[in-house]
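J.: Got a structure for you, questions after.
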Amino acid sequence: MSVKLKYISKRLLICAAAAELLLLLMTGYIWLVSLERSAGPILAAFFTLAVFLVNLLAFRLVVRPYRETKTIYEQFAMGHVLNDLFDVRYPYTPENEQAIRKFNEMIDRSNLVNVSKKQAEYLALQNQINPHFLYNTLEGIRSEALIAGLDSVAEMTEALATFFRYTISQVENLVPLEDELANIENYYYIQQFRFGDKLALSIEYDCDEDASELDILQYRLPKLTLQPIVENSIYHGIERKIGKGHLTIRIGASDSRLRIRVSDDGLGMAEDKLHQLNEKLKSLFLDAVEGESSRQGGIAMVNVNNRIKLLFGEEYGICVYSHEGAGTDVLINLPLVQE
């Protein structure tokens with residue numbers, strides 16, 4: 001049996017094409033016969049109009065809904081949508097609709113979010129080291145450094161302890177933007193011990209009459225959304241750049257959305273690599289939630305994107321803009337959540 005004939009939809013399409021061809025042949029035959037009679041063209045014109053109306057009705061009632069449902073199934077198969085599959089306006093059959101509803105009930109979305117959330121932790125530290133032991137050890141190092149007069153070592157140890165405490169302790173679903181930015185500033189402080197004046201960070205706010213800077217800071221987002229992206233900008237954009245690198249975080253709220261743009265003036269990305277990355281970010285890869293490992297000590301951008309889409313929907317997430325040699329912009333699109 002042909003692969004195409006395996007699917008009922010293909011068989012229906014063949015039958016519909018055959019029926020359409022038969023109607024066209026009948027129409028042509030009626031016109032041919034009617035032209036031989038004086039009163040025939042009126043009947044032929046009426047029959048042609050009827051065939052046209054039947055085709056128009058079939059297109060609106062069958063073809064257009066079929067295409068819409070087919071498109072949603074294709075988008076789901078490619079990983080571009082999830083929720084849309086459960087809101088199909090034109091199910092193929094009642095049994096098909098019941099099967100999709102059953103599938104929706106079987107998906108444990110909270111478990112998917114929790115799995116993705118675990119990617120936001122330093123797994124080796126979380127699974128193998130007692131956090132309290134880690135904090136106590138770092139505090140001991142800091143105390144010894146202060147006694148020895150090594151203030152810079154003490155400061156770096158304190159910053160590292162603060163960073164780990166935020167990173168591996170009770171990774172909640174949502175935290176205030178203020179906490180995320182405080183963690184970024186602490187992370188930047190740690191990086192300055194390595195990069196010195198080579199790295200500069202600035203945080204800017206795009207405020208309007210409806211939302212002040214203080215209001216924006218209270219909006220909530222998934223914990224550890226910004227740090228992996230900032231880390232990626234530093235290691236893949238600025239570190240290999242000759243001269244000073246600038247990292248800018250621009251934050252704005254409008255149209256019921258929170259928009260955060262992380263920009264660097266580093267090396268940028270090649271066009272093909274950028275296209276490949278954005279194609280991944282358009283999709284919701286459920287297997288990547290659990291499978292993709294962290295890079296350079298942070299979580300992969302695709303997992304941050306997955307968490308956002310799982311929590312808020314496919315219309316939110318990350319998009320990357322970049323030009324080779326001219327830097328990279330990472331746009332994070334989130335809903336306005338206050339509680």
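How things are named: the first chain in the structure tokens is A, the next is B, and so on; residues count from 1 in each chain; ligands count from 1 in the order shown.
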Can you tell me, as an NGL selection string, what residues are no more than 9 Å from stretch 143-158 of chain A when counting only C-alpha atoms, ignoring any on the same chain fewer than 4 positions away?
T.: :A and (138-139 or 162-163 or 189-190 or 193)
J.: At a cut-off of 12 Å, using only C-alpha atoms, what residues contact A:Glu213? Leave out same-chain residues fewer than 3 positions from it and give the result as a ChimeraX atom specification.
T.: /A:177-178,203-210,216-219,250-253
J.: Would you save the residues of that selection, restricted to N, CA and C atoms, as a compact mmCIF listing (two decimals), in the first residue's frame?
T.:
# COMPACT_ATOMS: atom_id res chain seq x y z
N LEU A 177 11.24 41.27 39.79
CA LEU A 177 12.34 41.70 38.91
C LEU A 177 13.46 42.34 39.72
N GLU A 178 13.10 42.99 40.80
CA GLU A 178 14.10 43.62 41.66
C GLU A 178 15.12 42.59 42.17
N ILE A 203 22.02 49.40 33.61
CA ILE A 203 20.62 49.00 33.63
C ILE A 203 19.78 50.24 33.39
N GLU A 204 18.92 50.19 32.38
CA GLU A 204 18.11 51.34 32.00
C GLU A 204 16.64 50.97 32.04
N TYR A 205 15.80 51.98 32.29
CA TYR A 205 14.36 51.75 32.39
C TYR A 205 13.63 52.63 31.38
N ASP A 206 12.70 52.04 30.69
CA ASP A 206 11.86 52.76 29.74
C ASP A 206 10.50 52.95 30.39
N CYS A 207 10.37 54.00 31.15
CA CYS A 207 9.16 54.23 31.95
C CYS A 207 8.21 55.19 31.22
N ASP A 208 6.94 55.05 31.51
CA ASP A 208 5.95 55.98 30.99
C ASP A 208 5.04 56.42 32.13
N GLU A 209 3.95 57.08 31.80
CA GLU A 209 3.05 57.60 32.83
C GLU A 209 2.36 56.48 33.59
N ASP A 210 2.17 55.33 32.95
CA ASP A 210 1.42 54.24 33.57
C ASP A 210 2.29 53.37 34.48
N ILE A 216 7.80 48.85 37.86
CA ILE A 216 8.41 47.84 37.00
C ILE A 216 9.19 46.82 37.82
N LEU A 217 9.87 47.28 38.86
CA LEU A 217 10.69 46.39 39.67
C LEU A 217 9.85 45.36 40.43
N GLN A 218 8.55 45.62 40.58
CA GLN A 218 7.71 44.69 41.33
C GLN A 218 7.10 43.60 40.46
N TYR A 219 7.21 43.74 39.14
CA TYR A 219 6.69 42.68 38.27
C TYR A 219 7.51 41.41 38.48
N ARG A 250 17.93 46.82 29.24
CA ARG A 250 16.88 47.83 29.10
C ARG A 250 15.54 47.17 29.45
N ILE A 251 14.79 47.83 30.32
CA ILE A 251 13.55 47.25 30.83
C ILE A 251 12.40 48.21 30.59
N GLY A 252 11.31 47.69 30.05
CA GLY A 252 10.13 48.51 29.82
C GLY A 252 8.86 47.69 29.97
N ALA A 253 7.75 48.37 30.22
CA ALA A 253 6.45 47.70 30.37
C ALA A 253 5.42 48.46 29.56
J.: Find the residues near A:Lys244: any atom within 10 Å, counting only C-alpha atoms, skip ones fewer than 2 places away on the same chain, and give them as a ChimeraX atom specification.
T.: /A:195-200,238-239,241-242,246,265-266
J.: Report as a PyMOL selection string: the residues of stretch 185-338 of chain A with a DSSP assignment of alpha helix (DSSP H), based on the backbone of this structure.
T.: chain A and resi 185-195+213-217+226-233+271-282+286-291+301-312
J.: For the residues in the current selection, export N, CA and C atoms as a compact mmCIF listing (two decimals), in the first residue's frame.
T.:
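What ended up in selection_37.txt:
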# COMPACT_ATOMS: atom_id res chain seq x y z
N GLU A 185 23.54 42.18 39.42
CA GLU A 185 24.57 43.11 39.88
C GLU A 185 25.61 42.38 40.72
N ASN A 186 25.17 41.42 41.52
CA ASN A 186 26.12 40.63 42.31
C ASN A 186 26.98 39.75 41.39
N TYR A 187 26.34 39.17 40.36
CA TYR A 187 27.07 38.34 39.40
C TYR A 187 28.09 39.19 38.64
N TYR A 188 27.71 40.41 38.28
CA TYR A 188 28.62 41.33 37.59
C TYR A 188 29.80 41.69 38.50
N TYR A 189 29.53 41.86 39.78
CA TYR A 189 30.60 42.17 40.74
C TYR A 189 31.63 41.03 40.78
N ILE A 190 31.13 39.79 40.74
CA ILE A 190 32.04 38.63 40.73
C ILE A 190 32.86 38.62 39.44
N GLN A 191 32.22 38.92 38.32
CA GLN A 191 32.92 38.90 37.04
C GLN A 191 33.98 39.99 36.94
N GLN A 192 33.78 41.08 37.66
CA GLN A 192 34.77 42.15 37.63
C GLN A 192 36.12 41.72 38.20
N PHE A 193 36.13 40.74 39.09
CA PHE A 193 37.40 40.24 39.61
C PHE A 193 38.22 39.59 38.49
N ARG A 194 37.51 39.12 37.46
CA ARG A 194 38.20 38.50 36.34
C ARG A 194 38.46 39.48 35.20
N PHE A 195 37.44 40.26 34.85
CA PHE A 195 37.54 41.12 33.69
C PHE A 195 38.00 42.54 34.00
N GLU A 213 9.54 53.36 37.55
CA GLU A 213 10.63 52.40 37.76
C GLU A 213 10.33 51.49 38.94
N LEU A 214 9.75 52.06 40.00
CA LEU A 214 9.41 51.26 41.17
C LEU A 214 8.34 50.23 40.84
N ASP A 215 7.37 50.61 40.01
CA ASP A 215 6.33 49.66 39.60
C ASP A 215 6.91 48.52 38.78
N ILE A 216 7.80 48.85 37.86
CA ILE A 216 8.41 47.84 37.00
C ILE A 216 9.19 46.82 37.82
N LEU A 217 9.87 47.28 38.86
CA LEU A 217 10.69 46.39 39.67
C LEU A 217 9.85 45.36 40.43
N LEU A 226 17.44 36.03 33.89
CA LEU A 226 18.42 36.97 33.34
C LEU A 226 19.86 36.47 33.40
N GLN A 227 20.24 35.82 34.49
CA GLN A 227 21.65 35.45 34.69
C GLN A 227 22.21 34.59 33.56
N PRO A 228 21.48 33.56 33.08
CA PRO A 228 22.04 32.76 31.98
C PRO A 228 22.26 33.58 30.72
N ILE A 229 21.38 34.54 30.46
CA ILE A 229 21.50 35.35 29.25
C ILE A 229 22.66 36.33 29.38
N VAL A 230 22.79 36.94 30.56
CA VAL A 230 23.93 37.83 30.81
C VAL A 230 25.23 37.05 30.72
N GLU A 231 25.27 35.87 31.29
CA GLU A 231 26.46 35.03 31.25
C GLU A 231 26.83 34.68 29.81
N ASN A 232 25.81 34.35 29.01
CA ASN A 232 26.05 34.03 27.61
C ASN A 232 26.62 35.22 26.85
N SER A 233 26.11 36.43 27.16
CA SER A 233 26.61 37.64 26.51
C SER A 233 28.08 37.89 26.86
N GLU A 271 24.91 34.81 10.56
CA GLU A 271 23.50 34.82 10.20
C GLU A 271 22.88 33.43 10.27
N ASP A 272 23.61 32.41 9.80
CA ASP A 272 23.06 31.06 9.82
C ASP A 272 22.90 30.53 11.25
N LYS A 273 23.85 30.85 12.10
CA LYS A 273 23.77 30.43 13.50
C LYS A 273 22.63 31.15 14.21
N LEU A 274 22.45 32.44 13.90
CA LEU A 274 21.36 33.21 14.50
C LEU A 274 20.01 32.64 14.07
N HIS A 275 19.87 32.32 12.79
CA HIS A 275 18.61 31.74 12.30
C HIS A 275 18.32 30.41 12.99
N GLN A 276 19.33 29.59 13.14
CA GLN A 276 19.16 28.28 13.78
C GLN A 276 18.72 28.44 15.24
N LEU A 277 19.33 29.41 15.94
CA LEU A 277 18.97 29.65 17.34
C LEU A 277 17.54 30.14 17.47
N ASN A 278 17.14 31.08 16.64
CA ASN A 278 15.78 31.62 16.73
C ASN A 278 14.73 30.58 16.36
N GLU A 279 15.06 29.66 15.45
CA GLU A 279 14.14 28.59 15.13
C GLU A 279 13.92 27.70 16.35
N LYS A 280 14.97 27.44 17.11
CA LYS A 280 14.83 26.66 18.34
C LYS A 280 13.98 27.41 19.36
N LEU A 281 14.19 28.72 19.45
CA LEU A 281 13.47 29.51 20.45
C LEU A 281 12.00 29.69 20.09
N LYS A 282 11.64 29.54 18.82
CA LYS A 282 10.24 29.61 18.44
C LYS A 282 9.47 28.39 18.91
N LEU A 286 10.02 19.95 24.57
CA LEU A 286 9.83 19.36 25.88
C LEU A 286 10.96 18.41 26.24
N ASP A 287 11.57 17.77 25.22
CA ASP A 287 12.69 16.87 25.52
C ASP A 287 13.91 17.65 25.94
N ALA A 288 14.05 18.88 25.44
CA ALA A 288 15.21 19.69 25.80
C ALA A 288 15.12 20.20 27.22
N VAL A 289 13.90 20.21 27.78
CA VAL A 289 13.74 20.67 29.16
C VAL A 289 14.58 19.83 30.11
N GLU A 290 14.59 18.54 29.89
CA GLU A 290 15.29 17.66 30.80
C GLU A 290 16.66 17.27 30.29
N GLY A 291 16.85 17.36 28.96
CA GLY A 291 18.05 16.79 28.40
C GLY A 291 19.22 17.72 28.23
N MET A 301 20.01 28.88 27.06
CA MET A 301 18.96 29.83 26.73
C MET A 301 17.65 29.14 26.34
N VAL A 302 17.77 27.99 25.69
CA VAL A 302 16.56 27.28 25.26
C VAL A 302 15.74 26.83 26.45
N ASN A 303 16.37 26.51 27.57
CA ASN A 303 15.64 26.09 28.76
C ASN A 303 14.96 27.27 29.45
N VAL A 304 15.60 28.44 29.43
CA VAL A 304 14.93 29.64 29.93
C VAL A 304 13.69 29.92 29.10
N ASN A 305 13.84 29.80 27.80
CA ASN A 305 12.72 30.01 26.88
C ASN A 305 11.60 28.99 27.14
N ASN A 306 11.97 27.73 27.38
CA ASN A 306 10.97 26.70 27.67
C ASN A 306 10.18 27.01 28.93
N ARG A 307 10.89 27.45 29.96
CA ARG A 307 10.20 27.78 31.22
C ARG A 307 9.18 28.88 31.01
N ILE A 308 9.56 29.91 30.26
CA ILE A 308 8.65 31.03 30.00
C ILE A 308 7.41 30.55 29.25
N LYS A 309 7.62 29.74 28.21
CA LYS A 309 6.50 29.26 27.41
C LYS A 309 5.60 28.31 28.20
N LEU A 310 6.19 27.46 29.02
CA LEU A 310 5.40 26.54 29.83
C LEU A 310 4.57 27.27 30.87
N LEU A 311 5.13 28.33 31.44
CA LEU A 311 4.43 29.07 32.49
C LEU A 311 3.37 30.02 31.94
N PHE A 312 3.66 30.67 30.80
CA PHE A 312 2.81 31.76 30.34
C PHE A 312 2.16 31.53 28.98
J.: In Å, rounded to a single decimal, give me how far atom CA of A:Ala159 is from atom CA of A:Ile184.
T.: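 Separation between atom CA of A:Ile184 and atom CA of A:Ala159: 11.2 Å.
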J.: Quote the spacing between atom CA of A:Gly268 and atom CA of A:Leu334 in Å to one decimal place.
T.: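 Answer for the atom CA of A:Gly268 to atom CA of A:Leu334 separation: 24.1 Å.
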J.: By how many Å are atom CA of A:Ser263 and atom CA of A:Gly317 apart?
T.: 16.3 Å
J.: For a quick check of understanding, using only C-alpha atoms, which of A:Phe103, A:Phe86, A:Tyr92, A:Phe59 has the smallest distance to A:Ser9?
T.: A:Tyr92
